[in-house]
$ cat input_0.txt   # compact mmCIF, C-alpha atoms
# COMPACT_ATOMS: atom_id res chain seq x y z
CA MET A 1 73.36 112.78 32.92
CA THR A 2 70.14 114.19 31.51
CA ARG A 3 67.91 111.44 30.27
CA PRO A 4 64.36 112.42 29.27
CA ALA A 5 61.71 109.75 29.72
CA ALA A 6 62.26 107.66 26.63
CA ALA A 7 59.36 107.39 24.27
CA GLY A 8 60.81 108.50 21.01
CA ARG A 9 61.57 105.53 18.85
CA VAL A 10 57.95 105.46 17.75
CA GLN A 11 58.58 108.67 15.85
CA ALA A 12 61.25 107.09 13.70
CA GLU A 13 59.06 104.11 13.00
CA ARG A 14 56.25 106.37 11.86
CA GLY A 15 58.59 107.94 9.39
CA ASP A 16 58.75 111.20 11.32
CA PRO A 17 62.03 112.77 10.21
CA THR A 18 62.63 114.50 13.54
CA ILE A 19 65.19 112.79 15.74
CA THR A 20 64.68 113.58 19.39
CA PRO A 21 67.16 113.06 22.22
CA ALA A 22 64.61 110.72 23.82
CA ALA A 23 64.61 108.56 20.69
CA VAL A 24 68.40 108.43 20.72
CA TRP A 25 68.52 107.46 24.41
CA GLN A 26 65.97 104.74 23.78
CA ALA A 27 67.98 103.41 20.82
CA LEU A 28 71.16 103.42 22.90
CA GLU A 29 69.41 101.49 25.66
CA GLU A 30 69.15 98.61 23.20
CA ILE A 31 72.94 98.29 22.96
CA PRO A 32 74.19 95.55 25.26
CA ASP A 33 77.58 95.69 26.94
CA PRO A 34 79.66 93.49 24.62
CA GLU A 35 81.19 91.55 27.52
CA ILE A 36 78.25 91.44 29.94
CA PRO A 37 75.22 91.59 27.64
CA VAL A 38 72.70 91.58 30.51
CA VAL A 39 73.31 95.33 30.97
CA SER A 40 72.98 98.06 28.37
CA ILE A 41 75.59 100.72 27.77
CA VAL A 42 73.11 103.27 29.15
CA GLU A 43 72.74 101.27 32.37
CA LEU A 44 76.53 101.09 32.48
CA GLY A 45 76.58 104.89 32.50
CA VAL A 46 79.04 105.35 29.63
CA VAL A 47 76.75 107.61 27.63
CA ALA A 48 77.44 110.97 29.20
CA ASN A 49 75.35 113.17 26.98
CA VAL A 50 73.24 113.23 23.81
CA ALA A 51 72.72 116.38 21.74
CA VAL A 52 70.68 116.48 18.53
CA LEU A 53 70.95 119.08 15.80
CA GLY A 54 68.84 118.04 12.83
CA ARG A 55 70.30 114.75 11.67
CA GLN A 56 73.55 115.28 13.51
CA VAL A 57 73.64 113.42 16.80
CA GLN A 58 76.49 114.10 19.15
CA VAL A 59 77.04 111.36 21.70
CA ASP A 60 79.56 111.89 24.49
CA PHE A 61 81.01 108.57 25.47
CA THR A 62 83.08 108.00 28.61
CA PRO A 63 84.99 104.71 28.54
CA THR A 64 84.94 102.47 31.58
CA PHE A 65 88.40 100.96 31.91
CA MET A 66 90.92 102.46 29.52
CA GLY A 67 92.23 99.13 28.24
CA CYS A 68 88.79 97.61 27.75
CA PRO A 69 88.70 95.96 24.32
CA ALA A 70 84.92 96.36 24.17
CA LEU A 71 85.17 100.14 23.74
CA ASP A 72 85.51 100.11 19.96
CA THR A 73 82.55 97.74 19.68
CA MET A 74 80.44 100.08 21.80
CA VAL A 75 81.34 103.11 19.67
CA ARG A 76 80.52 101.20 16.49
CA ALA A 77 77.16 100.09 17.93
CA ILE A 78 76.29 103.68 18.86
CA ARG A 79 76.93 104.77 15.27
CA GLU A 80 74.77 101.95 13.92
CA GLN A 81 71.86 102.67 16.25
CA VAL A 82 71.90 106.37 15.40
CA ALA A 83 72.09 105.53 11.69
CA ALA A 84 69.02 103.30 12.12
CA LEU A 85 67.14 106.37 13.36
CA GLY A 86 68.18 108.18 10.20
CA GLY A 87 70.84 110.23 11.92
CA GLU A 88 74.58 110.55 11.78
CA ALA A 89 76.48 110.05 15.00
CA ASP A 90 79.46 112.08 16.10
CA VAL A 91 80.76 109.96 18.98
CA ARG A 92 83.12 111.93 21.19
CA VAL A 93 85.22 109.70 23.39
CA ARG A 94 86.02 111.57 26.59
CA HIS A 95 89.04 110.34 28.51
CA ASP A 96 88.23 112.47 31.49
CA ASP A 97 87.40 111.49 35.01
CA SER A 98 83.63 111.57 34.68
CA TRP A 99 82.99 107.81 34.66
CA SER A 100 83.20 105.75 37.79
CA THR A 101 81.42 102.58 38.83
CA ASP A 102 78.94 104.83 40.67
CA ARG A 103 77.56 105.65 37.21
CA ILE A 104 76.11 102.14 36.85
CA SER A 105 72.35 102.54 37.34
CA PRO A 106 70.45 100.73 40.15
CA ALA A 107 68.72 98.57 37.51
CA GLY A 108 72.11 97.79 35.95
CA ARG A 109 73.54 96.77 39.32
CA GLU A 110 70.64 94.42 39.99
CA LYS A 111 71.01 92.82 36.54
CA LEU A 112 74.72 92.29 37.17
CA ARG A 113 74.01 90.62 40.49
CA ALA A 114 71.34 88.38 38.99
CA ALA A 115 73.83 87.30 36.31
CA GLY A 116 76.38 86.28 38.94
CA PHE A 117 78.56 89.41 39.02
CA ALA A 118 78.75 91.11 42.40
CA PRO A 119 78.11 94.81 41.73
CA PRO A 120 80.79 97.35 42.74
CA ALA A 121 80.73 98.85 46.21
CA PRO A 122 79.77 102.54 46.12
CA ARG A 123 82.63 105.02 46.14
CA SER A 124 81.02 106.72 49.13
CA ASP A 125 82.40 103.81 51.17
CA GLY A 126 85.81 105.39 50.57
CA THR A 127 88.71 104.72 48.23
CA PRO A 128 89.22 100.95 48.14
CA THR A 129 92.12 99.62 50.19
CA LEU A 130 93.65 96.18 50.29
CA LEU A 131 92.59 95.80 53.91
CA GLN A 132 89.00 96.63 53.05
CA LEU A 133 88.99 94.18 50.13
CA GLU A 134 90.45 91.46 52.31
CA ARG A 135 88.25 92.07 55.36
CA GLY A 136 85.15 93.83 54.01
CA PRO A 137 81.72 92.17 53.88
CA PHE A 138 81.49 91.55 50.14
CA ARG A 139 78.36 89.55 49.36
CA CYS A 140 78.21 86.45 47.21
CA PRO A 141 75.89 87.10 44.25
CA TYR A 142 74.66 83.48 44.34
CA CYS A 143 73.76 82.86 47.99
CA GLY A 144 74.01 86.34 49.53
CA SER A 145 76.53 85.30 52.19
CA GLY A 146 79.05 87.89 53.34
CA ASP A 147 81.54 85.14 54.19
CA THR A 148 83.73 85.63 51.12
CA ARG A 149 87.43 86.08 50.58
CA LEU A 150 89.54 87.93 48.02
CA GLU A 151 91.22 85.50 45.63
CA ASN A 152 92.71 87.95 43.16
CA LEU A 153 92.57 91.73 42.79
CA PHE A 154 92.45 91.06 39.07
CA GLY A 155 90.18 88.91 36.95
CA PRO A 156 89.24 87.89 33.43
CA THR A 157 88.63 91.49 32.38
CA PRO A 158 89.97 94.81 33.74
CA CYS A 159 86.71 95.57 35.55
CA ARG A 160 86.59 92.50 37.80
CA SER A 161 88.29 90.89 40.79
CA ILE A 162 87.88 87.27 41.83
CA ARG A 163 86.38 86.31 45.19
CA TYR A 164 85.42 82.99 46.75
CA CYS A 165 82.29 82.33 48.78
CA ARG A 166 83.00 80.11 51.77
CA ALA A 167 79.27 79.51 52.35
CA CYS A 168 78.30 78.10 48.95
CA ARG A 169 81.88 77.27 47.92
CA GLN A 170 81.75 79.11 44.66
CA PRO A 171 84.21 81.50 43.13
CA PHE A 172 82.56 84.64 41.77
CA GLU A 173 83.47 87.81 39.93
CA GLN A 174 83.34 91.05 41.86
CA PHE A 175 83.17 94.35 40.03
CA LYS A 176 86.01 96.60 41.09
CA THR A 177 85.08 99.98 42.49
CA ILE A 178 86.81 102.68 40.52
CA MET B 1 106.34 119.09 34.93
CA SER B 2 106.47 121.85 32.38
CA ALA B 3 109.23 123.21 34.57
CA GLN B 4 111.49 120.96 32.50
CA GLY B 5 110.56 122.99 29.44
CA ARG B 6 109.29 120.23 27.23
CA SER B 7 106.23 120.40 25.05
CA ARG B 8 102.90 118.90 26.02
CA ALA B 9 103.25 116.28 23.27
CA ASP B 10 106.67 115.27 24.58
CA LEU B 11 105.31 114.91 28.10
CA LEU B 12 102.44 112.76 26.79
CA LEU B 13 104.90 110.59 24.88
CA GLU B 14 107.01 110.04 27.99
CA LEU B 15 103.97 108.87 29.90
CA ALA B 16 102.62 106.77 27.03
CA ASP B 17 105.97 105.13 26.26
CA ASP B 18 106.48 104.25 29.94
CA GLU B 19 103.06 102.61 30.09
CA LEU B 20 103.37 100.83 26.73
CA VAL B 21 106.81 99.38 27.35
CA LEU B 22 106.09 98.40 30.94
CA GLY B 23 102.77 96.92 29.82
CA TRP B 24 104.69 94.84 27.32
CA ARG B 25 107.19 93.74 29.94
CA ASN B 26 104.38 92.81 32.33
CA SER B 27 102.76 90.76 29.60
CA GLU B 28 105.89 88.62 29.43
CA TRP B 29 104.59 86.91 32.59
CA THR B 30 101.44 85.73 30.85
CA GLY B 31 101.55 81.96 31.01
CA ILE B 32 104.78 81.66 32.99
CA ALA B 33 104.08 83.40 36.32
CA PRO B 34 104.80 81.33 39.46
CA PHE B 35 101.11 80.54 39.88
CA LEU B 36 97.89 80.99 37.96
CA GLU B 37 96.50 83.99 39.86
CA GLU B 38 99.67 85.92 39.02
CA ASP B 39 99.29 85.04 35.34
CA VAL B 40 95.90 86.72 35.56
CA ALA B 41 97.17 89.67 37.61
CA PHE B 42 100.18 90.56 35.46
CA SER B 43 98.17 90.09 32.26
CA SER B 44 95.44 92.38 33.55
CA ILE B 45 97.94 95.01 34.70
CA ALA B 46 99.57 94.83 31.27
CA GLN B 47 96.21 95.37 29.62
CA ASN B 48 95.53 98.43 31.78
CA GLU B 49 98.94 99.95 31.08
CA ILE B 50 98.61 99.46 27.33
CA GLY B 51 95.12 100.98 27.53
CA HIS B 52 96.58 104.03 29.25
CA ALA B 53 99.25 104.24 26.56
CA ARG B 54 96.60 104.16 23.85
CA ALA B 55 94.61 107.02 25.41
CA LEU B 56 97.79 109.09 25.91
CA TYR B 57 98.95 108.50 22.33
CA GLU B 58 95.49 109.50 21.11
CA LEU B 59 95.80 112.75 23.03
CA ALA B 60 99.28 113.45 21.60
CA ALA B 61 98.55 112.26 18.05
CA PRO B 62 96.73 115.32 16.61
CA GLU B 63 99.50 117.66 17.83
CA LEU B 64 102.09 115.51 16.10
CA GLY B 65 100.10 114.81 12.93
CA LEU B 66 100.27 111.05 13.48
CA THR B 67 97.93 108.32 14.65
CA ALA B 68 98.13 106.54 18.00
CA ASP B 69 99.24 103.34 16.25
CA GLU B 70 101.97 105.13 14.36
CA LEU B 71 103.24 106.58 17.61
CA ALA B 72 103.13 103.22 19.36
CA PHE B 73 104.72 101.11 16.62
CA ASP B 74 106.43 103.10 13.89
CA ARG B 75 109.19 105.00 15.67
CA THR B 76 112.84 104.04 15.90
CA PRO B 77 114.13 102.89 19.31
CA GLU B 78 115.97 106.22 19.75
CA GLU B 79 112.69 108.10 19.38
CA TYR B 80 111.03 106.41 22.35
CA ARG B 81 110.99 108.55 25.47
CA CYS B 82 110.42 105.90 28.11
CA ALA B 83 112.51 105.66 31.25
CA PRO B 84 115.16 102.91 31.18
CA LEU B 85 113.52 101.32 34.26
CA VAL B 86 110.64 100.00 32.16
CA GLU B 87 112.90 98.70 29.40
CA LEU B 88 114.74 96.17 31.53
CA ARG B 89 113.85 92.56 30.90
CA ARG B 90 113.42 91.08 34.35
CA LEU B 91 112.22 87.51 34.23
CA GLU B 92 113.04 86.89 37.85
CA TRP B 93 110.28 87.29 40.39
CA ALA B 94 111.87 89.44 43.11
CA ARG B 95 113.34 91.83 40.54
CA THR B 96 109.99 92.02 38.77
CA ILE B 97 108.23 92.85 42.03
CA ALA B 98 110.92 95.42 42.91
CA ARG B 99 110.52 97.13 39.53
CA HIS B 100 106.71 96.89 39.74
CA TRP B 101 106.62 98.52 43.18
CA LEU B 102 109.22 101.18 42.36
CA TYR B 103 107.43 102.11 39.14
CA GLU B 104 103.92 102.16 40.59
CA THR B 105 105.08 104.30 43.51
CA ALA B 106 106.83 106.74 41.15
CA ASP B 107 103.76 106.77 38.92
CA ALA B 108 101.58 107.64 41.92
CA VAL B 109 103.75 110.69 42.67
CA ARG B 110 103.67 111.70 39.00
CA LEU B 111 99.89 111.25 38.66
CA GLU B 112 99.26 113.34 41.76
CA ALA B 113 101.20 116.18 40.15
CA LEU B 114 99.42 115.75 36.82
CA LYS B 115 95.99 115.69 38.45
CA ALA B 116 96.72 119.21 39.70
CA SER B 117 97.70 120.38 36.19
CA ASP B 118 96.14 123.54 34.68
CA ASP B 119 95.59 121.53 31.49
CA PRO B 120 92.11 120.01 31.94
CA GLU B 121 92.72 117.17 29.45
CA LEU B 122 95.94 116.19 31.15
CA ALA B 123 94.41 116.45 34.63
CA GLY B 124 91.37 114.44 33.51
CA ILE B 125 93.30 111.58 31.92
CA ALA B 126 95.63 111.42 34.94
CA ALA B 127 92.66 111.15 37.30
CA LYS B 128 91.11 108.42 35.17
CA MET B 129 94.37 106.47 35.03
CA ASP B 130 94.83 106.82 38.76
CA ARG B 131 91.53 105.05 39.49
CA GLU B 132 92.99 101.94 37.83
CA GLU B 133 96.55 102.40 39.07
CA LEU B 134 95.22 102.18 42.62
CA TYR B 135 94.76 98.44 42.05
CA HIS B 136 98.27 98.09 40.65
CA ARG B 137 99.61 99.74 43.78
CA MET B 138 97.62 97.44 46.03
CA HIS B 139 99.01 94.46 44.14
CA ALA B 140 102.58 95.78 44.36
CA GLU B 141 102.25 96.55 48.08
CA MET B 142 100.83 93.09 48.75
CA TRP B 143 103.84 91.50 47.07
CA LEU B 144 106.27 93.80 48.79
CA ASP B 145 104.89 92.63 52.14
CA ARG B 146 105.07 89.04 51.05
CA LEU B 147 108.73 89.30 50.08
CA LEU B 148 109.60 91.26 53.20
CA GLY B 149 107.98 88.50 55.25
CA SER B 150 110.84 86.01 54.88
CA ASP B 151 114.62 86.28 55.10
CA GLU B 152 115.14 84.90 51.62
CA GLY B 153 112.47 87.16 50.11
CA ARG B 154 113.85 90.22 51.88
CA ALA B 155 117.40 89.49 50.73
CA LYS B 156 116.34 89.09 47.12
CA LEU B 157 114.17 92.18 47.24
CA GLU B 158 116.90 94.32 48.83
CA GLU B 159 119.38 93.25 46.17
CA ALA B 160 116.92 94.13 43.39
CA LEU B 161 116.05 97.49 44.98
CA GLU B 162 119.74 98.36 45.22
CA GLU B 163 120.19 97.61 41.53
CA LEU B 164 117.04 99.40 40.37
CA TRP B 165 117.04 102.48 42.59
CA PRO B 166 119.03 104.70 40.15
CA TYR B 167 116.67 103.59 37.37
CA ALA B 168 113.61 104.32 39.52
CA LEU B 169 114.81 107.88 40.23
CA GLY B 170 115.10 108.39 36.48
CA VAL B 171 111.35 107.97 35.97
CA LEU B 172 110.57 111.34 37.55
CA ASP B 173 111.49 114.96 36.97
CA ASP B 174 113.92 116.54 39.44
CA GLU B 175 111.23 118.35 41.38
CA LEU B 176 109.27 115.17 42.14
CA ARG B 177 112.23 113.08 43.30
CA PRO B 178 112.36 114.26 46.93
CA ALA B 179 108.70 113.31 47.51
CA TYR B 180 109.31 109.97 45.85
CA ARG B 181 112.40 109.25 47.91
CA ARG B 182 110.51 110.06 51.11
CA ARG B 183 107.69 107.71 50.20
CA VAL B 184 109.99 104.81 49.28
CA GLU B 185 112.24 105.23 52.32
CA GLU B 186 109.29 105.51 54.67
CA ARG B 187 107.81 102.29 53.37
CA LEU B 188 111.09 100.38 53.53
CA GLY B 189 112.06 101.86 56.88
CA ARG B 190 115.55 102.70 55.74
CA SER B 191 117.35 105.29 53.68
CA LEU B 192 118.49 104.74 50.12
CA PRO B 193 121.80 105.90 48.66
CA ASP B 194 122.30 109.20 46.90
CA VAL B 195 122.93 108.07 43.38
CA GLU B 196 122.89 109.58 39.94
CA PRO B 197 119.50 108.82 38.27
CA VAL B 198 119.59 106.85 35.03
CA PRO B 199 118.20 109.51 32.70
CA ARG B 200 115.30 109.30 30.30
CA GLY B 201 116.51 109.32 26.72
CA ARG B 202 119.24 106.80 27.37
CA HIS B 203 118.17 103.34 26.26
CA GLU B 204 118.96 99.84 27.40
CA SER B 205 119.94 97.36 24.71
CA GLU B 206 116.85 95.33 25.64
CA LEU B 207 114.59 98.04 24.19
CA SER B 208 115.56 97.30 20.58
CA ASP B 209 114.80 93.60 21.06
CA LEU B 210 111.47 94.42 22.65
CA LEU B 211 110.47 96.80 19.85
CA ALA B 212 111.58 94.37 17.16
CA GLU B 213 109.28 91.73 18.59
CA MET B 214 106.44 94.14 19.40
CA THR B 215 106.27 95.53 15.86
CA MET B 216 106.97 92.26 14.02
CA VAL B 217 103.43 91.65 12.80
CA ARG B 218 102.79 95.28 11.88
CA ARG B 219 106.03 95.45 9.89
CA SER B 220 105.18 92.23 8.05
CA ASP B 221 102.57 94.12 6.02
CA PRO B 222 103.20 97.88 6.17
CA GLY B 223 100.15 100.04 5.67
CA ALA B 224 97.72 97.13 5.94
CA GLU B 225 94.33 97.67 7.49
CA TRP B 226 93.91 95.02 10.16

$ encode --input "input_0.txt" --output "structure tokens"
Amino acid sequence: MTRPAAAGRVQAERGDPTITPAAVWQALEEIPDPEIPVVSIVELGVVANVAVLGRQVQVDFTPTFMGCPALDTMVRAIREQVAALGGEADVRVRHDDSWSTDRISPAGREKLRAAGFAPPAPRSDGTPTLLQLERGPFRCPYCGSGDTRLENLFGPTPCRSIRYCRACRQPFEQFKTI
Amino acid sequence: MSAQGRSRADLLLELADDELVLGWRNSEWTGIAPFLEEDVAFSSIAQNEIGHARALYELAAPELGLTADELAFDRTPEEYRCAPLVELRRLEWARTIARHWLYETADAVRLEALKASDDPELAGIAAKMDREELYHRMHAEMWLDRLLGSDEGRAKLEEALEELWPYALGVLDDELRPAYRRRVEERLGRSLPDVEPVPRGRHESELSDLLAEMTMVRRSDPGAEW
């Protein structure tokens, strides 16, 4: 991911007809994840690349989970934000292997945790196994305790599992590592 | 896989139809699973599988001059290329778990082969699917252990495996079957019979019923924009 320091929206507001990649990135940062609006789609890491040629803006988009119903909403929002800059978006959905939960930015992870979603374990910890999910020290996002148990590999959306914190006796949603 | 001499679009349709039809079958547990967590699990697995189907249809669609929705909903039952294993209606828990585990294990063997494909799109989509399928496999393995943990569970599971084994072999191409058999036998700690696989292309009567229900709303207003 190449993301220049964003400072570009000002240009559009001044009526400057030039659309810069920085302006596009900044506009995309304003798009919340439709299901977890505390994080933006940029923090989620689904914007793989932005290329600008005049008014044409090519945005490479890498879906998170393939059955996620929020994908169409995200693509629509990208088009709207680019249109607001005076550009025309060509959103290319890439079903390749380039997105993983490691693409969620550090700021995005912290926002998830603060909103009560335990962020995904890094993939560097190894491919997840049932044993690891059952025995591993997954932290409760509310009280920070590692005394939690796996309730369900699956949850309310494809991206989450359900765990239970024995310390504060709360169920919580744990992002799957993929 | 191309060893079987079929086109790329046909291969994509096989994969997509397997995932769509099994996704639909898994969704039949929504609301009626033996306990709430399994309602959630089977519904979520169904959603993943149908998501995979959508992406695969989208990849095949331009080659065939159709849209993903047309591929998913507008074909006749004979035109579907899914394996008969996924067509079976199995509203009995041990048989569902047996099918789930047999399919996910076969799918793992298939995805490993596809990930090594020379076709970057095919290899990429297989790798992306596999990240999610890992959780399906964990779920299937967990249930396999649970059933094997009691005499009654083991007996029911063994009976279902016996019935479904020829269907399970039919999911894969010839060249992948030995690896699949090894994996299944190793996990069960016993050998399985040499049987004739139930071939892809043959359809169970349950498929027509499934498709009739699945396409009911779409057929109620052909050509509508939803």

$ closest_atom_pairs --input "input_0.txt" --of "chain A" --to "chain B" --cutoff "10 Å" --atoms "all atoms listed in the file" --output "Markdown table"
| residue | atom | partner | partner_atom | distance |
| --- | --- | --- | --- | --- |
| A:Pro63 | CA | B:Lys128 | CA | 9.8 |
| A:Thr64 | CA | B:Lys128 | CA | 9.3 |
| A:Phe65 | CA | B:Glu132 | CA | 7.6 |
| A:Met66 | CA | B:Gly51 | CA | 4.9 |
| A:Gly67 | CA | B:Gly51 | CA | 3.5 |
| A:Cys68 | CA | B:Gly51 | CA | 7.2 |
| A:Pro69 | CA | B:Gly51 | CA | 8.8 |
| A:Val93 | CA | B:Ala55 | CA | 10.0 |
| A:Arg94 | CA | B:Ile125 | CA | 9.0 |
| A:His95 | CA | B:Ile125 | CA | 5.6 |
| A:Asp96 | CA | B:Gly124 | CA | 4.2 |
| A:Asp97 | CA | B:Lys128 | CA | 4.8 |
| A:Ser98 | CA | B:Lys128 | CA | 8.1 |
| A:Trp99 | CA | B:Lys128 | CA | 8.2 |
| A:Ser100 | CA | B:Arg131 | CA | 8.5 |
| A:Thr127 | CA | B:Leu134 | CA | 9.0 |
| A:Pro128 | CA | B:Leu134 | CA | 8.2 |
| A:Thr129 | CA | B:Met138 | CA | 7.2 |
| A:Leu130 | CA | B:Met138 | CA | 6.0 |
| A:Leu131 | CA | B:Met138 | CA | 9.5 |
| A:Glu151 | CA | B:Glu37 | CA | 8.0 |
| A:Asn152 | CA | B:Glu37 | CA | 6.4 |
| A:Leu153 | CA | B:Tyr135 | CA | 7.1 |
| A:Phe154 | CA | B:Ala41 | CA | 5.1 |
| A:Gly155 | CA | B:Val40 | CA | 6.3 |
| A:Pro156 | CA | B:Val40 | CA | 7.1 |
| A:Thr157 | CA | B:Ser44 | CA | 7.0 |
| A:Pro158 | CA | B:Ser44 | CA | 6.0 |
| A:Cys159 | CA | B:Glu132 | CA | 9.2 |
| A:Arg160 | CA | B:Ser44 | CA | 9.8 |
| A:Ser161 | CA | B:Ala41 | CA | 9.5 |
| A:Ile162 | CA | B:Glu37 | CA | 9.4 |
| A:Lys176 | CA | B:Tyr135 | CA | 9.0 |
| A:Thr177 | CA | B:Arg131 | CA | 8.7 |
| A:Ile178 | CA | B:Arg131 | CA | 5.4 |

$ atom_distance --input "input_0.txt" --atom1 "atom CA of A:Asp102" --atom2 "atom CA of A:Ala89"
26.3 Å

$ closest_residue --input "input_0.txt" --among "A:Pro122, A:Gly87, A:Pro171, A:Gly45" --to "A:Phe61" --atoms "only C-alpha atoms"
A:Gly45

$ atom_distance --input "input_0.txt" --atom1 "atom CA of B:Trp29" --atom2 "atom CA of A:Phe175"
23.9 Å

$ residues_around --input "input_0.txt" --residues "A:Lys111" --least-positions-apart "3" --cutoff "8 Å" --atoms "all atoms listed in the file" --output "ChimeraX atom specification"
/A:38-39,107-108,114-115

$ closest_residue --input "input_0.txt" --among "B:Ala140, B:Thr105, B:Ser150, B:Asp17" --to "B:Arg181" --atoms "only C-alpha atoms"
B:Thr105

$ atom_distance --input "input_0.txt" --atom1 "atom CA of B:Arg8" --atom2 "atom CA of B:Leu114"
11.8 Å

$ residues_around --input "input_0.txt" --residues "B:Asp107" --least-positions-apart "5" --cutoff "10 Å" --atoms "only C-alpha atoms" --output "PDB file with C-alpha atoms, in the coordinates of the input"
ATOM      1  CA  LEU B  15     103.970 108.870  29.900  1.00  0.00           C
ATOM      2  CA  ASP B  18     106.480 104.250  29.940  1.00  0.00           C
ATOM      3  CA  GLU B  19     103.060 102.610  30.090  1.00  0.00           C
ATOM      4  CA  TRP B 101     106.620  98.520  43.180  1.00  0.00           C
ATOM      5  CA  LEU B 102     109.220 101.180  42.360  1.00  0.00           C
ATOM      6  CA  GLU B 112      99.260 113.340  41.760  1.00  0.00           C
ATOM      7  CA  ALA B 113     101.200 116.180  40.150  1.00  0.00           C
ATOM      8  CA  ASP B 130      94.830 106.820  38.760  1.00  0.00           C
ATOM      9  CA  GLU B 133      96.550 102.400  39.070  1.00  0.00           C
ATOM     10  CA  ARG B 137      99.610  99.740  43.780  1.00  0.00           C
ATOM     11  CA  VAL B 171     111.350 107.970  35.970  1.00  0.00           C
ATOM     12  CA  LEU B 172     110.570 111.340  37.550  1.00  0.00           C
ATOM     13  CA  TYR B 180     109.310 109.970  45.850  1.00  0.00           C
TER      14      TYR B 180
END

$ closest_residue --input "input_0.txt" --among "A:Ile19, A:Arg123, A:Thr101, A:Phe138" --to "A:Val46" --atoms "only C-alpha atoms"
A:Thr101

$ closest_residue --input "input_0.txt" --among "B:Tyr103, B:Glu159, B:Leu91, B:Pro222" --to "B:Thr30" --atoms "only C-alpha atoms"
B:Leu91

$ closest_residue --input "input_0.txt" --among "B:Asp118, B:Leu12, B:Ser27, B:Glu196" --to "B:Arg90" --atoms "all atoms listed in the file"
B:Ser27

$ residues_around --input "input_0.txt" --residues "A:Cys165" --least-positions-apart "2" --cutoff "7 Å" --atoms "all atoms listed in the file" --output "tab-separated table (two decimals) with C-alpha atoms, in the frame of the given file"
chain	number	residue	atom	x	y	z
A	140	CYS	CA	78.21	86.45	47.21
A	147	ASP	CA	81.54	85.14	54.19
A	148	THR	CA	83.73	85.63	51.12
A	149	ARG	CA	87.43	86.08	50.58
A	163	ARG	CA	86.38	86.31	45.19
A	167	ALA	CA	79.27	79.51	52.35
A	168	CYS	CA	78.30	78.10	48.95
A	169	ARG	CA	81.88	77.27	47.92
A	170	GLN	CA	81.75	79.11	44.66
A	171	PRO	CA	84.21	81.50	43.13

$ build_atoms --input "input_0.txt" --residues "stretch 155-166 of chain A" --atoms "N, CA and C atoms" --output "PDB file, in the coordinates of the input"
ATOM      1  N   GLY A 155      91.044  89.986  37.430  1.00  0.00           N
ATOM      2  CA  GLY A 155      90.180  88.910  36.950  1.00  0.00           C
ATOM      3  C   GLY A 155      90.247  88.778  35.449  1.00  0.00           C
ATOM      4  N   PRO A 156      89.208  88.170  34.863  1.00  0.00           N
ATOM      5  CA  PRO A 156      89.240  87.890  33.430  1.00  0.00           C
ATOM      6  C   PRO A 156      89.143  89.138  32.560  1.00  0.00           C
ATOM      7  N   THR A 157      88.641  90.226  33.117  1.00  0.00           N
ATOM      8  CA  THR A 157      88.630  91.490  32.380  1.00  0.00           C
ATOM      9  C   THR A 157      89.069  92.584  33.354  1.00  0.00           C
ATOM     10  N   PRO A 158      89.456  93.767  32.839  1.00  0.00           N
ATOM     11  CA  PRO A 158      89.970  94.810  33.740  1.00  0.00           C
ATOM     12  C   PRO A 158      88.991  95.215  34.831  1.00  0.00           C
ATOM     13  N   CYS A 159      87.693  95.037  34.595  1.00  0.00           N
ATOM     14  CA  CYS A 159      86.710  95.570  35.550  1.00  0.00           C
ATOM     15  C   CYS A 159      86.451  94.651  36.740  1.00  0.00           C
ATOM     16  N   ARG A 160      87.007  93.454  36.767  1.00  0.00           N
ATOM     17  CA  ARG A 160      86.590  92.500  37.800  1.00  0.00           C
ATOM     18  C   ARG A 160      87.739  91.932  38.626  1.00  0.00           C
ATOM     19  N   SER A 161      87.415  91.654  39.898  1.00  0.00           N
ATOM     20  CA  SER A 161      88.290  90.890  40.790  1.00  0.00           C
ATOM     21  C   SER A 161      87.660  89.515  40.975  1.00  0.00           C
ATOM     22  N   ILE A 162      88.425  88.598  41.549  1.00  0.00           N
ATOM     23  CA  ILE A 162      87.880  87.270  41.830  1.00  0.00           C
ATOM     24  C   ILE A 162      87.762  87.083  43.341  1.00  0.00           C
ATOM     25  N   ARG A 163      86.582  86.655  43.794  1.00  0.00           N
ATOM     26  CA  ARG A 163      86.380  86.310  45.190  1.00  0.00           C
ATOM     27  C   ARG A 163      85.870  84.874  45.292  1.00  0.00           C
ATOM     28  N   TYR A 164      85.891  84.353  46.516  1.00  0.00           N
ATOM     29  CA  TYR A 164      85.420  82.990  46.750  1.00  0.00           C
ATOM     30  C   TYR A 164      84.442  83.021  47.913  1.00  0.00           C
ATOM     31  N   CYS A 165      83.303  82.376  47.724  1.00  0.00           N
ATOM     32  CA  CYS A 165      82.290  82.330  48.780  1.00  0.00           C
ATOM     33  C   CYS A 165      82.499  81.062  49.613  1.00  0.00           C
ATOM     34  N   ARG A 166      82.775  81.265  50.895  1.00  0.00           N
ATOM     35  CA  ARG A 166      83.000  80.110  51.770  1.00  0.00           C
ATOM     36  C   ARG A 166      81.681  79.390  52.066  1.00  0.00           C
TER      37      ARG A 166
END
